[in-house]
Amino acid sequence: MDTAAPAPASVVIDVATLPPGSCRATIEGTFESLAPGEALEVVVGHDPAPLRQRFATLRPGASVWTYLESGPVTWRVRVERTA
């Protein structure tokens, strides 16, 4: 059983630093630029479950989401591109 922590993400996106209205496009564009096996980390002030559902709907099987921190103030999620 492999209990090692996942490799660090190649890109970290702190949503609080982005201009209003650009979050989803920035995250999705960054994800699209990743090669399989690469990951990004999203830092946000709420559970990004709606974004995860959007990825599952638009890109089924293309990503693995790992919650690194689950609130209550900050959520950090590693999103690895698998396909």
# chains A, B, ... in the order shown; residues from 1 in each chain; ligands from 1

call {"tool": "closest_atom_pairs", "arguments": {"of": "range 26-52 of chain A", "to": "range 4-18 of chain A", "cutoff": "6 Å", "atoms": "only C-alpha atoms", "output": "CSV"}}
result
residue,atom,partner,partner_atom,distance
A:Ala39,CA,A:Ala9,CA,4.7
A:Leu40,CA,A:Val11,CA,4.7
A:Glu41,CA,A:Val12,CA,4.6
A:Val42,CA,A:Ile13,CA,4.9
A:Val43,CA,A:Asp14,CA,4.6
A:Val44,CA,A:Val15,CA,5.4

call {"tool": "write_last_selection", "arguments": {"atoms": "all heavy atoms", "output": "compact mmCIF listing (two decimals), in the first residue's frame"}}
result
# COMPACT_ATOMS: atom_id res chain seq x y z
N ALA A 39 -0.10 18.28 -12.31
CA ALA A 39 -1.22 18.68 -11.47
C ALA A 39 -1.17 20.17 -11.18
O ALA A 39 -0.11 20.80 -11.27
CB ALA A 39 -1.18 17.91 -10.16
N LEU A 40 -2.33 20.69 -10.84
CA LEU A 40 -2.41 22.05 -10.34
C LEU A 40 -3.04 21.98 -8.96
O LEU A 40 -3.70 21.00 -8.62
CB LEU A 40 -3.20 22.96 -11.29
CG LEU A 40 -4.69 22.71 -11.49
CD1 LEU A 40 -5.51 23.50 -10.47
CD2 LEU A 40 -5.09 23.14 -12.88
N GLU A 41 -2.79 23.01 -8.19
CA GLU A 41 -3.39 23.10 -6.86
C GLU A 41 -4.26 24.34 -6.83
O GLU A 41 -3.81 25.42 -7.22
CB GLU A 41 -2.32 23.19 -5.78
CG GLU A 41 -2.87 23.24 -4.38
CD GLU A 41 -1.78 23.30 -3.33
OE1 GLU A 41 -0.76 22.61 -3.49
OE2 GLU A 41 -1.97 24.05 -2.36
N VAL A 42 -5.49 24.18 -6.42
CA VAL A 42 -6.44 25.29 -6.31
C VAL A 42 -6.61 25.61 -4.83
O VAL A 42 -6.90 24.72 -4.02
CB VAL A 42 -7.80 24.93 -6.95
CG1 VAL A 42 -8.78 26.07 -6.80
CG2 VAL A 42 -7.62 24.55 -8.41
N VAL A 43 -6.45 26.88 -4.49
CA VAL A 43 -6.65 27.37 -3.13
C VAL A 43 -7.85 28.31 -3.19
O VAL A 43 -7.85 29.28 -3.95
CB VAL A 43 -5.40 28.12 -2.60
CG1 VAL A 43 -5.64 28.60 -1.18
CG2 VAL A 43 -4.17 27.24 -2.69
N VAL A 44 -8.86 28.01 -2.38
CA VAL A 44 -10.11 28.76 -2.47
C VAL A 44 -10.75 28.82 -1.08
O VAL A 44 -10.45 28.01 -0.22
CB VAL A 44 -11.04 28.10 -3.53
CG1 VAL A 44 -11.45 26.72 -3.11
CG2 VAL A 44 -12.22 28.95 -3.87

call {"tool": "select_by_dssp", "arguments": {"residues": "chain A", "states": "strand (DSSP E or B)", "output": "number ranges by chain"}}
result
A: 11-14, 39-44, 63-70, 75-81

call {"tool": "closest_residue", "arguments": {"among": "A:Pro36, A:Pro48, A:Gly29, A:Pro19", "to": "Val77 in chain A", "atoms": "only C-alpha atoms"}}
result
A:Pro48

call {"tool": "closest_residue", "arguments": {"among": "A:Gly37, A:Glu28, A:Thr66, A:Pro50", "to": "Ala83 in chain A", "atoms": "only C-alpha atoms"}}
result
A:Gly37

call {"tool": "closest_residue", "arguments": {"among": "A:Glu38, A:Glu32, A:His46, A:Arg76", "to": "Val64 in chain A", "atoms": "only C-alpha atoms"}}
result
A:Glu38

call {"tool": "residues_around", "arguments": {"residues": "Trp65 in chain A", "least_positions_apart": "3", "cutoff": "7 Å", "atoms": "only C-alpha atoms", "output": "JSON, numbers by chain"}}
result
{"A": [77, 78, 79, 80]}

call {"tool": "closest_residue", "arguments": {"among": "A:Gln53, A:Phe31, A:Gly61, A:Gly45", "to": "Trp75 in chain A", "atoms": "only C-alpha atoms"}}
result
A:Gly45

call {"tool": "select_by_dssp", "arguments": {"residues": "chain A", "states": "helix (DSSP H, G or I)", "output": "list in words"}}
result
Val15, Ala16, Thr17, Cys23, Arg24, Ala25, Thr26, Ile27, Glu28, Gly29, Thr30, Phe31, Glu32, Ser33, Ala49, Pro50, Leu51, Arg52, Gln53, Arg54, Phe55, Ala56, Thr57 and Leu58 of chain A
